[in-house]
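> coords-v7.cif is reproduced below (mmCIF, N, CA and C atoms).
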```
data_entry
loop_
_atom_site.label_atom_id
_atom_site.label_comp_id
_atom_site.auth_asym_id
_atom_site.auth_seq_id
_atom_site.Cartn_x
_atom_site.Cartn_y
_atom_site.Cartn_z
N MET A 1 0.84 -1.18 0.00
CA MET A 1 0.00 0.00 0.00
C MET A 1 0.88 1.24 0.00
N SER A 2 0.44 2.26 -0.62
CA SER A 2 1.18 3.50 -0.75
C SER A 2 0.96 4.39 0.47
N ASP A 3 2.04 5.11 0.87
CA ASP A 3 1.94 6.08 1.95
C ASP A 3 1.21 7.33 1.48
N GLN A 4 1.19 7.55 0.19
CA GLN A 4 0.57 8.75 -0.37
C GLN A 4 -0.71 8.35 -1.10
N PRO A 5 -1.86 8.69 -0.54
CA PRO A 5 -3.13 8.23 -1.13
C PRO A 5 -3.41 8.79 -2.52
N HIS A 6 -2.80 9.92 -2.89
CA HIS A 6 -3.11 10.54 -4.18
C HIS A 6 -2.05 10.24 -5.24
N GLU A 7 -1.17 9.29 -4.96
CA GLU A 7 -0.12 8.95 -5.92
C GLU A 7 -0.75 8.32 -7.16
N ASN A 8 -0.38 8.84 -8.33
CA ASN A 8 -0.97 8.29 -9.55
C ASN A 8 -0.26 6.99 -9.94
N THR A 9 -0.83 6.30 -10.85
CA THR A 9 -0.33 4.98 -11.25
C THR A 9 1.10 5.05 -11.79
N GLN A 10 1.40 6.04 -12.63
CA GLN A 10 2.73 6.16 -13.20
C GLN A 10 3.77 6.43 -12.11
N ASP A 11 3.46 7.31 -11.15
CA ASP A 11 4.39 7.58 -10.05
C ASP A 11 4.60 6.33 -9.20
N ALA A 12 3.53 5.60 -8.95
CA ALA A 12 3.65 4.36 -8.16
C ALA A 12 4.52 3.34 -8.88
N LEU A 13 4.33 3.21 -10.18
CA LEU A 13 5.14 2.28 -10.96
C LEU A 13 6.60 2.69 -10.95
N THR A 14 6.88 3.96 -11.12
CA THR A 14 8.26 4.46 -11.10
C THR A 14 8.91 4.18 -9.75
N ARG A 15 8.16 4.43 -8.67
CA ARG A 15 8.68 4.19 -7.33
C ARG A 15 8.97 2.70 -7.12
N LEU A 16 8.06 1.84 -7.55
CA LEU A 16 8.26 0.40 -7.42
C LEU A 16 9.46 -0.08 -8.23
N GLU A 17 9.66 0.46 -9.42
CA GLU A 17 10.80 0.10 -10.25
C GLU A 17 12.11 0.48 -9.57
N ARG A 18 12.15 1.67 -8.93
CA ARG A 18 13.36 2.09 -8.19
C ARG A 18 13.63 1.16 -7.01
N GLU A 19 12.57 0.83 -6.27
CA GLU A 19 12.74 -0.06 -5.13
C GLU A 19 13.21 -1.44 -5.57
N LEU A 20 12.66 -1.93 -6.66
CA LEU A 20 13.07 -3.23 -7.19
C LEU A 20 14.53 -3.19 -7.65
N ALA A 21 14.95 -2.12 -8.30
CA ALA A 21 16.35 -1.98 -8.73
C ALA A 21 17.29 -1.97 -7.52
N ARG A 22 16.89 -1.28 -6.43
CA ARG A 22 17.72 -1.27 -5.22
C ARG A 22 17.80 -2.67 -4.60
N LEU A 23 16.69 -3.36 -4.58
CA LEU A 23 16.67 -4.72 -4.05
C LEU A 23 17.55 -5.64 -4.87
N LYS A 24 17.47 -5.52 -6.18
CA LYS A 24 18.29 -6.34 -7.07
C LYS A 24 19.77 -6.04 -6.86
N SER A 25 20.14 -4.77 -6.73
CA SER A 25 21.53 -4.39 -6.47
C SER A 25 22.02 -4.98 -5.15
N GLY A 26 21.15 -4.95 -4.14
CA GLY A 26 21.51 -5.52 -2.84
C GLY A 26 21.75 -7.02 -2.93
N LEU A 27 20.90 -7.72 -3.66
CA LEU A 27 21.07 -9.16 -3.83
C LEU A 27 22.36 -9.48 -4.58
N GLU A 28 22.69 -8.68 -5.58
CA GLU A 28 23.93 -8.89 -6.33
C GLU A 28 25.14 -8.70 -5.44
N LEU A 29 25.08 -7.73 -4.51
CA LEU A 29 26.18 -7.53 -3.56
C LEU A 29 26.35 -8.76 -2.66
N LEU A 30 25.28 -9.48 -2.43
CA LEU A 30 25.32 -10.69 -1.61
C LEU A 30 25.68 -11.93 -2.42
N GLY A 31 25.92 -11.76 -3.72
CA GLY A 31 26.33 -12.88 -4.56
C GLY A 31 25.16 -13.67 -5.14
N VAL A 32 24.00 -13.06 -5.21
CA VAL A 32 22.83 -13.72 -5.77
C VAL A 32 22.61 -13.20 -7.18
N ARG A 33 22.44 -14.13 -8.13
CA ARG A 33 22.21 -13.75 -9.52
C ARG A 33 21.01 -14.54 -10.04
N ALA A 34 20.40 -14.02 -11.09
CA ALA A 34 19.24 -14.68 -11.70
C ALA A 34 19.65 -15.40 -12.97
N CYS A 35 19.03 -16.54 -13.19
CA CYS A 35 19.17 -17.26 -14.46
C CYS A 35 18.50 -16.39 -15.52
N THR A 36 19.15 -16.20 -16.65
CA THR A 36 18.58 -15.35 -17.70
C THR A 36 17.37 -15.99 -18.38
N CYS A 37 17.20 -17.29 -18.21
CA CYS A 37 16.05 -17.97 -18.83
C CYS A 37 14.83 -17.98 -17.91
N CYS A 38 14.98 -18.56 -16.73
CA CYS A 38 13.81 -18.74 -15.84
C CYS A 38 13.69 -17.64 -14.79
N GLN A 39 14.71 -16.82 -14.66
CA GLN A 39 14.74 -15.71 -13.69
C GLN A 39 14.79 -16.17 -12.24
N ASN A 40 14.96 -17.47 -11.97
CA ASN A 40 15.14 -17.93 -10.60
C ASN A 40 16.48 -17.44 -10.08
N LEU A 41 16.54 -17.21 -8.78
CA LEU A 41 17.75 -16.67 -8.16
C LEU A 41 18.62 -17.80 -7.62
N PHE A 42 19.94 -17.61 -7.77
CA PHE A 42 20.92 -18.60 -7.34
C PHE A 42 22.11 -17.91 -6.71
N ARG A 43 22.77 -18.59 -5.80
CA ARG A 43 24.03 -18.09 -5.26
C ARG A 43 25.10 -18.26 -6.33
N ALA A 44 25.62 -17.17 -6.82
CA ALA A 44 26.63 -17.22 -7.87
C ALA A 44 27.98 -17.68 -7.32
N THR A 45 28.14 -17.68 -6.01
CA THR A 45 29.40 -18.10 -5.39
C THR A 45 29.57 -19.62 -5.44
N GLU A 46 28.51 -20.34 -5.74
CA GLU A 46 28.59 -21.79 -5.90
C GLU A 46 28.68 -22.10 -7.39
N PRO A 47 29.84 -22.55 -7.87
CA PRO A 47 30.10 -22.65 -9.31
C PRO A 47 29.17 -23.57 -10.09
N GLY A 48 28.51 -24.50 -9.46
CA GLY A 48 27.62 -25.40 -10.18
C GLY A 48 26.23 -24.84 -10.39
N ASN A 49 25.92 -23.70 -9.78
CA ASN A 49 24.57 -23.15 -9.88
C ASN A 49 24.26 -22.53 -11.22
N LEU A 50 25.19 -21.72 -11.73
CA LEU A 50 24.95 -21.00 -12.98
C LEU A 50 26.11 -21.18 -13.94
N PHE A 51 25.79 -21.49 -15.17
CA PHE A 51 26.79 -21.57 -16.24
C PHE A 51 26.89 -20.19 -16.86
N ASP A 52 28.11 -19.71 -17.00
CA ASP A 52 28.33 -18.35 -17.52
C ASP A 52 28.92 -18.41 -18.92
N ALA A 53 28.11 -18.02 -19.88
CA ALA A 53 28.57 -17.92 -21.27
C ALA A 53 28.09 -16.59 -21.84
N GLY A 54 28.26 -15.54 -21.05
CA GLY A 54 27.69 -14.25 -21.41
C GLY A 54 26.32 -14.13 -20.80
N ASP A 55 25.54 -15.18 -20.86
CA ASP A 55 24.27 -15.31 -20.15
C ASP A 55 24.56 -16.21 -18.96
N LEU A 56 23.86 -15.99 -17.85
CA LEU A 56 23.94 -16.90 -16.72
C LEU A 56 22.75 -17.84 -16.82
N VAL A 57 23.03 -19.14 -16.87
CA VAL A 57 21.97 -20.12 -17.09
C VAL A 57 22.08 -21.23 -16.04
N CYS A 58 20.96 -21.54 -15.41
CA CYS A 58 20.93 -22.61 -14.41
C CYS A 58 20.92 -23.97 -15.11
N PHE A 59 21.23 -25.00 -14.34
CA PHE A 59 21.28 -26.36 -14.88
C PHE A 59 19.94 -26.77 -15.51
N ALA A 60 18.84 -26.43 -14.85
CA ALA A 60 17.52 -26.83 -15.35
C ALA A 60 17.22 -26.23 -16.72
N CYS A 61 17.78 -25.07 -17.03
CA CYS A 61 17.49 -24.39 -18.30
C CYS A 61 18.48 -24.73 -19.41
N ILE A 62 19.59 -25.39 -19.07
CA ILE A 62 20.63 -25.68 -20.08
C ILE A 62 20.07 -26.45 -21.26
N ARG A 63 19.26 -27.46 -20.99
CA ARG A 63 18.75 -28.33 -22.07
C ARG A 63 17.96 -27.56 -23.13
N HIS A 64 17.34 -26.45 -22.76
CA HIS A 64 16.59 -25.64 -23.74
C HIS A 64 17.44 -24.49 -24.27
N TRP A 65 18.26 -23.93 -23.40
CA TRP A 65 19.07 -22.77 -23.76
C TRP A 65 20.16 -23.12 -24.78
N TRP A 66 20.89 -24.22 -24.55
CA TRP A 66 22.04 -24.53 -25.40
C TRP A 66 21.68 -24.77 -26.86
N PRO A 67 20.68 -25.59 -27.18
CA PRO A 67 20.36 -25.77 -28.61
C PRO A 67 19.98 -24.45 -29.30
N GLU A 68 19.26 -23.60 -28.59
CA GLU A 68 18.88 -22.31 -29.18
C GLU A 68 20.11 -21.41 -29.34
N ARG A 69 20.92 -21.34 -28.29
CA ARG A 69 22.09 -20.46 -28.31
C ARG A 69 23.15 -20.94 -29.29
N SER A 70 23.42 -22.24 -29.33
CA SER A 70 24.49 -22.76 -30.18
C SER A 70 24.21 -22.52 -31.66
N GLY A 71 22.94 -22.55 -32.05
CA GLY A 71 22.58 -22.30 -33.44
C GLY A 71 22.85 -20.88 -33.90
N LYS A 72 23.01 -19.96 -32.96
CA LYS A 72 23.23 -18.55 -33.29
C LYS A 72 24.71 -18.16 -33.26
N LEU A 73 25.59 -19.10 -32.91
CA LEU A 73 27.00 -18.77 -32.75
C LEU A 73 27.82 -19.18 -33.97
N ALA A 74 28.90 -18.46 -34.19
CA ALA A 74 29.87 -18.86 -35.20
C ALA A 74 30.53 -20.16 -34.72
N SER A 75 31.02 -20.95 -35.63
CA SER A 75 31.57 -22.27 -35.32
C SER A 75 32.63 -22.22 -34.21
N GLN A 76 33.57 -21.30 -34.31
CA GLN A 76 34.65 -21.22 -33.32
C GLN A 76 34.11 -20.82 -31.94
N ASP A 77 33.20 -19.87 -31.90
CA ASP A 77 32.60 -19.45 -30.63
C ASP A 77 31.78 -20.59 -30.02
N ARG A 78 31.04 -21.28 -30.86
CA ARG A 78 30.23 -22.40 -30.39
C ARG A 78 31.11 -23.48 -29.77
N GLN A 79 32.22 -23.77 -30.41
CA GLN A 79 33.11 -24.81 -29.91
C GLN A 79 33.74 -24.41 -28.57
N LEU A 80 34.11 -23.15 -28.41
CA LEU A 80 34.69 -22.69 -27.15
C LEU A 80 33.67 -22.80 -26.01
N ILE A 81 32.45 -22.35 -26.25
CA ILE A 81 31.42 -22.42 -25.21
C ILE A 81 31.02 -23.86 -24.96
N GLU A 82 30.98 -24.67 -26.00
CA GLU A 82 30.65 -26.08 -25.86
C GLU A 82 31.65 -26.78 -24.95
N HIS A 83 32.94 -26.50 -25.13
CA HIS A 83 33.98 -27.09 -24.28
C HIS A 83 33.83 -26.61 -22.84
N LYS A 84 33.55 -25.33 -22.67
CA LYS A 84 33.35 -24.78 -21.33
C LYS A 84 32.13 -25.44 -20.67
N LEU A 85 31.06 -25.62 -21.43
CA LEU A 85 29.86 -26.27 -20.92
C LEU A 85 30.15 -27.72 -20.55
N ALA A 86 30.89 -28.42 -21.39
CA ALA A 86 31.23 -29.82 -21.10
C ALA A 86 32.02 -29.91 -19.79
N HIS A 87 32.98 -29.04 -19.59
CA HIS A 87 33.76 -29.05 -18.35
C HIS A 87 32.88 -28.73 -17.15
N TRP A 88 31.95 -27.79 -17.29
CA TRP A 88 31.04 -27.42 -16.21
C TRP A 88 30.16 -28.62 -15.83
N LEU A 89 29.65 -29.32 -16.82
CA LEU A 89 28.81 -30.49 -16.56
C LEU A 89 29.61 -31.62 -15.91
N LEU A 90 30.86 -31.81 -16.36
CA LEU A 90 31.71 -32.85 -15.78
C LEU A 90 32.09 -32.51 -14.34
N ASN A 91 32.47 -31.27 -14.10
CA ASN A 91 32.98 -30.86 -12.79
C ASN A 91 31.90 -30.65 -11.74
N HIS A 92 30.71 -30.26 -12.15
CA HIS A 92 29.70 -29.86 -11.17
C HIS A 92 28.40 -30.66 -11.20
N HIS A 93 28.20 -31.47 -12.23
CA HIS A 93 26.91 -32.15 -12.34
C HIS A 93 27.01 -33.64 -12.62
N GLY A 94 28.18 -34.21 -12.44
CA GLY A 94 28.33 -35.67 -12.54
C GLY A 94 28.16 -36.24 -13.93
N ALA A 95 28.45 -35.46 -14.96
CA ALA A 95 28.35 -35.98 -16.33
C ALA A 95 29.40 -37.08 -16.53
N LYS A 96 29.06 -38.04 -17.35
CA LYS A 96 29.98 -39.12 -17.70
C LYS A 96 30.23 -39.04 -19.21
N VAL A 97 31.47 -39.30 -19.60
CA VAL A 97 31.84 -39.26 -21.01
C VAL A 97 31.68 -40.66 -21.61
N TYR A 98 31.02 -40.71 -22.74
CA TYR A 98 30.86 -41.97 -23.47
C TYR A 98 31.55 -41.82 -24.81
N TYR A 99 32.56 -42.67 -25.01
CA TYR A 99 33.28 -42.66 -26.28
C TYR A 99 32.55 -43.53 -27.30
N ASP A 100 31.92 -44.57 -26.80
CA ASP A 100 31.15 -45.48 -27.64
C ASP A 100 29.68 -45.15 -27.43
N HIS A 101 29.05 -44.59 -28.43
CA HIS A 101 27.66 -44.17 -28.32
C HIS A 101 26.71 -45.35 -28.06
N ASN A 102 27.14 -46.55 -28.41
CA ASN A 102 26.31 -47.74 -28.17
C ASN A 102 26.27 -48.13 -26.70
N LYS A 103 27.18 -47.61 -25.90
CA LYS A 103 27.25 -47.96 -24.47
C LYS A 103 26.55 -46.94 -23.57
N MET A 104 25.93 -45.95 -24.17
CA MET A 104 25.22 -44.93 -23.38
C MET A 104 23.96 -45.53 -22.78
N PRO A 105 23.51 -45.00 -21.65
CA PRO A 105 22.24 -45.47 -21.10
C PRO A 105 21.10 -45.08 -22.04
N PRO A 106 19.98 -45.80 -21.96
CA PRO A 106 18.83 -45.46 -22.80
C PRO A 106 18.37 -44.02 -22.53
N GLU A 107 17.76 -43.41 -23.52
CA GLU A 107 17.34 -42.00 -23.41
C GLU A 107 16.45 -41.73 -22.20
N ASP A 108 15.59 -42.68 -21.86
CA ASP A 108 14.70 -42.46 -20.72
C ASP A 108 15.43 -42.48 -19.38
N GLN A 109 16.72 -42.85 -19.39
CA GLN A 109 17.53 -42.84 -18.17
C GLN A 109 18.55 -41.69 -18.18
N GLN A 110 18.40 -40.78 -19.13
CA GLN A 110 19.31 -39.65 -19.25
C GLN A 110 18.63 -38.36 -18.80
N GLU A 111 19.27 -37.68 -17.87
CA GLU A 111 18.80 -36.35 -17.45
C GLU A 111 19.14 -35.33 -18.53
N LEU A 112 20.36 -35.44 -19.05
CA LEU A 112 20.85 -34.49 -20.06
C LEU A 112 21.92 -35.18 -20.88
N ARG A 113 21.94 -34.88 -22.18
CA ARG A 113 22.99 -35.40 -23.06
C ARG A 113 23.53 -34.25 -23.90
N LEU A 114 24.84 -34.19 -24.00
CA LEU A 114 25.51 -33.18 -24.82
C LEU A 114 26.54 -33.86 -25.69
N THR A 115 26.44 -33.66 -26.98
CA THR A 115 27.46 -34.14 -27.89
C THR A 115 28.35 -32.95 -28.20
N ALA A 116 29.65 -33.13 -27.93
CA ALA A 116 30.60 -32.03 -28.09
C ALA A 116 31.77 -32.48 -28.95
N ALA A 117 32.34 -31.53 -29.66
CA ALA A 117 33.53 -31.81 -30.45
C ALA A 117 34.66 -32.19 -29.50
N CYS A 118 35.44 -33.17 -29.88
CA CYS A 118 36.59 -33.60 -29.08
C CYS A 118 37.58 -32.44 -28.97
N GLU A 119 37.97 -32.15 -27.74
CA GLU A 119 38.92 -31.04 -27.53
C GLU A 119 40.31 -31.38 -28.06
N GLU A 120 40.69 -32.63 -27.95
CA GLU A 120 42.05 -33.03 -28.31
C GLU A 120 42.30 -32.91 -29.81
N CYS A 121 41.37 -33.39 -30.61
CA CYS A 121 41.57 -33.35 -32.07
C CYS A 121 40.77 -32.22 -32.72
N GLU A 122 40.13 -31.38 -31.88
CA GLU A 122 39.31 -30.26 -32.35
C GLU A 122 38.19 -30.70 -33.28
N GLY A 123 37.66 -31.89 -33.02
CA GLY A 123 36.52 -32.39 -33.79
C GLY A 123 36.89 -33.01 -35.12
N LYS A 124 38.17 -33.18 -35.39
CA LYS A 124 38.59 -33.71 -36.69
C LYS A 124 38.67 -35.23 -36.71
N GLY A 125 38.80 -35.86 -35.54
CA GLY A 125 38.93 -37.31 -35.48
C GLY A 125 40.35 -37.80 -35.68
N VAL A 126 41.26 -36.90 -36.01
CA VAL A 126 42.65 -37.26 -36.24
C VAL A 126 43.53 -36.42 -35.33
N TRP A 127 44.48 -37.09 -34.67
CA TRP A 127 45.40 -36.40 -33.76
C TRP A 127 46.80 -36.94 -34.02
N ALA A 128 47.72 -36.07 -34.30
CA ALA A 128 49.12 -36.44 -34.60
C ALA A 128 49.19 -37.43 -35.76
N GLY A 129 48.35 -37.23 -36.77
CA GLY A 129 48.40 -38.05 -37.98
C GLY A 129 47.71 -39.40 -37.89
N THR A 130 47.18 -39.74 -36.74
CA THR A 130 46.47 -41.01 -36.61
C THR A 130 45.09 -40.78 -36.00
N LYS A 131 44.31 -41.85 -35.97
CA LYS A 131 42.98 -41.76 -35.38
C LYS A 131 43.11 -41.28 -33.93
N CYS A 132 42.33 -40.28 -33.57
CA CYS A 132 42.39 -39.69 -32.23
C CYS A 132 42.07 -40.76 -31.19
N ARG A 133 42.94 -40.89 -30.20
CA ARG A 133 42.73 -41.91 -29.17
C ARG A 133 41.70 -41.47 -28.12
N PHE A 134 41.36 -40.19 -28.10
CA PHE A 134 40.39 -39.69 -27.12
C PHE A 134 38.96 -39.92 -27.57
N CYS A 135 38.69 -39.73 -28.85
CA CYS A 135 37.31 -39.89 -29.35
C CYS A 135 37.17 -41.08 -30.27
N GLY A 136 38.24 -41.85 -30.43
CA GLY A 136 38.18 -43.03 -31.30
C GLY A 136 38.03 -42.69 -32.77
N GLY A 137 38.41 -41.48 -33.15
CA GLY A 137 38.33 -41.06 -34.54
C GLY A 137 36.99 -40.49 -34.94
N GLN A 138 36.04 -40.41 -34.01
CA GLN A 138 34.71 -39.88 -34.33
C GLN A 138 34.68 -38.36 -34.38
N GLY A 139 35.59 -37.72 -33.65
CA GLY A 139 35.61 -36.26 -33.61
C GLY A 139 34.66 -35.68 -32.57
N THR A 140 33.85 -36.54 -31.95
CA THR A 140 32.91 -36.07 -30.93
C THR A 140 32.95 -36.97 -29.71
N LEU A 141 32.53 -36.40 -28.61
CA LEU A 141 32.34 -37.13 -27.36
C LEU A 141 30.90 -36.88 -26.94
N CYS A 142 30.36 -37.82 -26.21
CA CYS A 142 29.00 -37.67 -25.72
C CYS A 142 29.06 -37.64 -24.20
N LEU A 143 28.52 -36.58 -23.62
CA LEU A 143 28.43 -36.46 -22.16
C LEU A 143 27.00 -36.72 -21.77
N VAL A 144 26.82 -37.54 -20.76
CA VAL A 144 25.48 -37.88 -20.29
C VAL A 144 25.43 -37.69 -18.78
N ILE A 145 24.38 -37.06 -18.34
CA ILE A 145 24.07 -36.99 -16.92
C ILE A 145 22.91 -37.95 -16.72
N PRO A 146 23.17 -39.04 -15.98
CA PRO A 146 22.07 -39.99 -15.78
C PRO A 146 21.00 -39.43 -14.86
N LYS A 147 19.77 -39.88 -15.07
CA LYS A 147 18.68 -39.48 -14.18
C LYS A 147 18.94 -40.08 -12.81
N ALA A 148 18.54 -39.36 -11.79
CA ALA A 148 18.67 -39.86 -10.43
C ALA A 148 17.77 -41.08 -10.28
N GLN A 149 18.32 -42.10 -9.66
CA GLN A 149 17.54 -43.31 -9.43
C GLN A 149 16.62 -43.10 -8.24
N THR A 150 15.36 -43.39 -8.41
CA THR A 150 14.40 -43.25 -7.32
C THR A 150 14.07 -44.63 -6.77
N GLY A 151 13.74 -44.64 -5.52
CA GLY A 151 13.28 -45.90 -4.97
C GLY A 151 14.14 -46.34 -3.93
#
```
Could you write out this file's structure as structure tokens?


Amino acid sequence: MSDQPHENTQDALTRLERELARLKSGLELLGVRACTCCQNLFRATEPGNLFDAGDLVCFACIRHWWPERSGKLASQDRQLIEHKLAHWLLNHHGAKVYYDHNKMPPEDQQELRLTAACEECEGKGVWAGTKCRFCGGQGTLCLVIPKAQTG
């Protein structure tokens, strides 16, 4: 409720916007940031909460954000962010690397799957003149985060 009974709608909106901006600034000082997709707030001091690629994106939004974002990037930029995303998923979300795509868990048991260019051979499948030993010559690796087992 407003302290001023005759405040018009535009003045009230302007005042609320200022108060919201101050609140947002205060939260940022405390290390709280919003996901650019869902706008949920997260502690930015915990590295697994938000992936930073110019946009801050929470884990729950990655599966929708990455396909949309990757399609808009130049090949070199996409590969750099893809590698950064792969490391983030490995380090903070328990992703497992599958070199043999036939050995991956079934899709209904996957929380998230990311196919990324092999960092070692830069997606070419060849390293030092022979078939890349990291990706088996495929040029890609598949990262999978399995669904949590219930029961």

> Set out as JSON lines a contact list for range 89-147 of chain A and range 32-54 of chain A with a cut-off of 7 Å, giving each residue of range 89-147 of chain A that qualifies its closest atom pair and distance in Å to one decimal, counting only N, CA and C atoms, ordered by chain and rising residue number.


```
{"residue": "A:Asn91", "atom": "C", "partner": "A:Gly48", "partner_atom": "CA", "distance": 7.0}
{"residue": "A:His92", "atom": "CA", "partner": "A:Gly48", "partner_atom": "CA", "distance": 5.0}
{"residue": "A:His93", "atom": "N", "partner": "A:Gly48", "partner_atom": "CA", "distance": 6.4}
```

> For a quick check of understanding, using all atoms listed in the file, which of A:Asp100, A:Ala116, A:Cys61, A:Arg15 has the smallest distance to Gly136 in chain A?

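Of A:Asp100, A:Ala116, A:Cys61, A:Arg15, the one nearest Gly136 in chain A, counting all atoms listed in the file, is A:Asp100.
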
> Step by step: start from the point (28.8, -47.1, -26.0) in the file's coordinates, keep every protein, DNA or RNA residue that has an atom no farther than 12 Å from it, count only C-alpha atoms, and write the set as a list in words.

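The residues that fall inside the cut-off are Lys96, Val97, Tyr98, Tyr99, Asp100, His101, Asn102, Lys103, Met104, Pro105, Pro106, Cys135, Gly136, Leu141, Cys142, Leu143 and Val144 of chain A.
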
> Just how far from CA of Gln109 in chain A is atom C of Ile145 in chain A, in Å to one decimal?

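Interatomic distance here is 7.4 Å.
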
> Have a look at atom N of Glu107 in chain A and atom N of Ala148 in chain A and let me know their distance in Å, one decimal.

12.4 Å

> How many Å separate atom N of Arg69 in chain A from atom C of His87 in chain A?

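A separation of 17.9 Å between them.
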
> With a distance cut-off of 7 Å and all atoms listed in the file, select the neighbouring residues of Cys118 in chain A, excluding the residue or stretch itself and same-chain residues fewer than 2 positions from it, and output the selection as a list of chain:residue names.

A:Ala116, A:Glu120, A:Cys121, A:Glu122, A:Gly123, A:Lys124, A:Phe134, A:Cys135, A:Gln138, A:Gly139, A:Thr140, A:Leu141

> Taking the chain letters and numbering used in this document, name the residues of chain A that DSSP puts in strand (DSSP E), as a tab-separated table (two decimals) with N, CA and C atoms, keeping the file's coordinate frame.


```
chain	number	residue	atom	x	y	z
A	32	VAL	N	24.00	-13.06	-5.21
A	32	VAL	CA	22.83	-13.72	-5.77
A	32	VAL	C	22.61	-13.20	-7.18
A	33	ARG	N	22.44	-14.13	-8.13
A	33	ARG	CA	22.21	-13.75	-9.52
A	33	ARG	C	21.01	-14.54	-10.04
A	34	ALA	N	20.40	-14.02	-11.09
A	34	ALA	CA	19.24	-14.68	-11.70
A	34	ALA	C	19.65	-15.40	-12.97
A	41	LEU	N	16.54	-17.21	-8.78
A	41	LEU	CA	17.75	-16.67	-8.16
A	41	LEU	C	18.62	-17.80	-7.62
A	42	PHE	N	19.94	-17.61	-7.77
A	42	PHE	CA	20.92	-18.60	-7.34
A	42	PHE	C	22.11	-17.91	-6.71
A	43	ARG	N	22.77	-18.59	-5.80
A	43	ARG	CA	24.03	-18.09	-5.26
A	43	ARG	C	25.10	-18.26	-6.33
A	50	LEU	N	25.19	-21.72	-11.73
A	50	LEU	CA	24.95	-21.00	-12.98
A	50	LEU	C	26.11	-21.18	-13.94
A	51	PHE	N	25.79	-21.49	-15.17
A	51	PHE	CA	26.79	-21.57	-16.24
A	51	PHE	C	26.89	-20.19	-16.86
A	52	ASP	N	28.11	-19.71	-17.00
A	52	ASP	CA	28.33	-18.35	-17.52
A	52	ASP	C	28.92	-18.41	-18.92
A	56	LEU	N	23.86	-15.99	-17.85
A	56	LEU	CA	23.94	-16.90	-16.72
A	56	LEU	C	22.75	-17.84	-16.82
A	57	VAL	N	23.03	-19.14	-16.87
A	57	VAL	CA	21.97	-20.12	-17.09
A	57	VAL	C	22.08	-21.23	-16.04
A	58	CYS	N	20.96	-21.54	-15.41
A	58	CYS	CA	20.93	-22.61	-14.41
A	58	CYS	C	20.92	-23.97	-15.11
A	96	LYS	N	29.06	-38.04	-17.35
A	96	LYS	CA	29.98	-39.12	-17.70
A	96	LYS	C	30.23	-39.04	-19.21
A	97	VAL	N	31.47	-39.30	-19.60
A	97	VAL	CA	31.84	-39.26	-21.01
A	97	VAL	C	31.68	-40.66	-21.61
A	98	TYR	N	31.02	-40.71	-22.74
A	98	TYR	CA	30.86	-41.97	-23.47
A	98	TYR	C	31.55	-41.82	-24.81
A	110	GLN	N	18.40	-40.78	-19.13
A	110	GLN	CA	19.31	-39.65	-19.25
A	110	GLN	C	18.63	-38.36	-18.80
A	111	GLU	N	19.27	-37.68	-17.87
A	111	GLU	CA	18.80	-36.35	-17.45
A	111	GLU	C	19.14	-35.33	-18.53
A	112	LEU	N	20.36	-35.44	-19.05
A	112	LEU	CA	20.85	-34.49	-20.06
A	112	LEU	C	21.92	-35.18	-20.88
A	113	ARG	N	21.94	-34.88	-22.18
A	113	ARG	CA	22.99	-35.40	-23.06
A	113	ARG	C	23.53	-34.25	-23.90
A	114	LEU	N	24.84	-34.19	-24.00
A	114	LEU	CA	25.51	-33.18	-24.82
A	114	LEU	C	26.54	-33.86	-25.69
A	115	THR	N	26.44	-33.66	-26.98
A	115	THR	CA	27.46	-34.14	-27.89
A	115	THR	C	28.35	-32.95	-28.20
A	116	ALA	N	29.65	-33.13	-27.93
A	116	ALA	CA	30.60	-32.03	-28.09
A	116	ALA	C	31.77	-32.48	-28.95
A	117	ALA	N	32.34	-31.53	-29.66
A	117	ALA	CA	33.53	-31.81	-30.45
A	117	ALA	C	34.66	-32.19	-29.50
A	126	VAL	N	41.26	-36.90	-36.01
A	126	VAL	CA	42.65	-37.26	-36.24
A	126	VAL	C	43.53	-36.42	-35.33
A	127	TRP	N	44.48	-37.09	-34.67
A	127	TRP	CA	45.40	-36.40	-33.76
A	127	TRP	C	46.80	-36.94	-34.02
A	130	THR	N	47.18	-39.74	-36.74
A	130	THR	CA	46.47	-41.01	-36.61
A	130	THR	C	45.09	-40.78	-36.00
A	131	LYS	N	44.31	-41.85	-35.97
A	131	LYS	CA	42.98	-41.76	-35.38
A	131	LYS	C	43.11	-41.28	-33.93
A	140	THR	N	33.85	-36.54	-31.95
A	140	THR	CA	32.91	-36.07	-30.93
A	140	THR	C	32.95	-36.97	-29.71
A	141	LEU	N	32.53	-36.40	-28.61
A	141	LEU	CA	32.34	-37.13	-27.36
A	141	LEU	C	30.90	-36.88	-26.94
A	142	CYS	N	30.36	-37.82	-26.21
A	142	CYS	CA	29.00	-37.67	-25.72
A	142	CYS	C	29.06	-37.64	-24.20
A	143	LEU	N	28.52	-36.58	-23.62
A	143	LEU	CA	28.43	-36.46	-22.16
A	143	LEU	C	27.00	-36.72	-21.77
A	144	VAL	N	26.82	-37.54	-20.76
A	144	VAL	CA	25.48	-37.88	-20.29
A	144	VAL	C	25.43	-37.69	-18.78
A	145	ILE	N	24.38	-37.06	-18.34
A	145	ILE	CA	24.07	-36.99	-16.92
A	145	ILE	C	22.91	-37.95	-16.72
A	146	PRO	N	23.17	-39.04	-15.98
A	146	PRO	CA	22.07	-39.99	-15.78
A	146	PRO	C	21.00	-39.43	-14.86
```
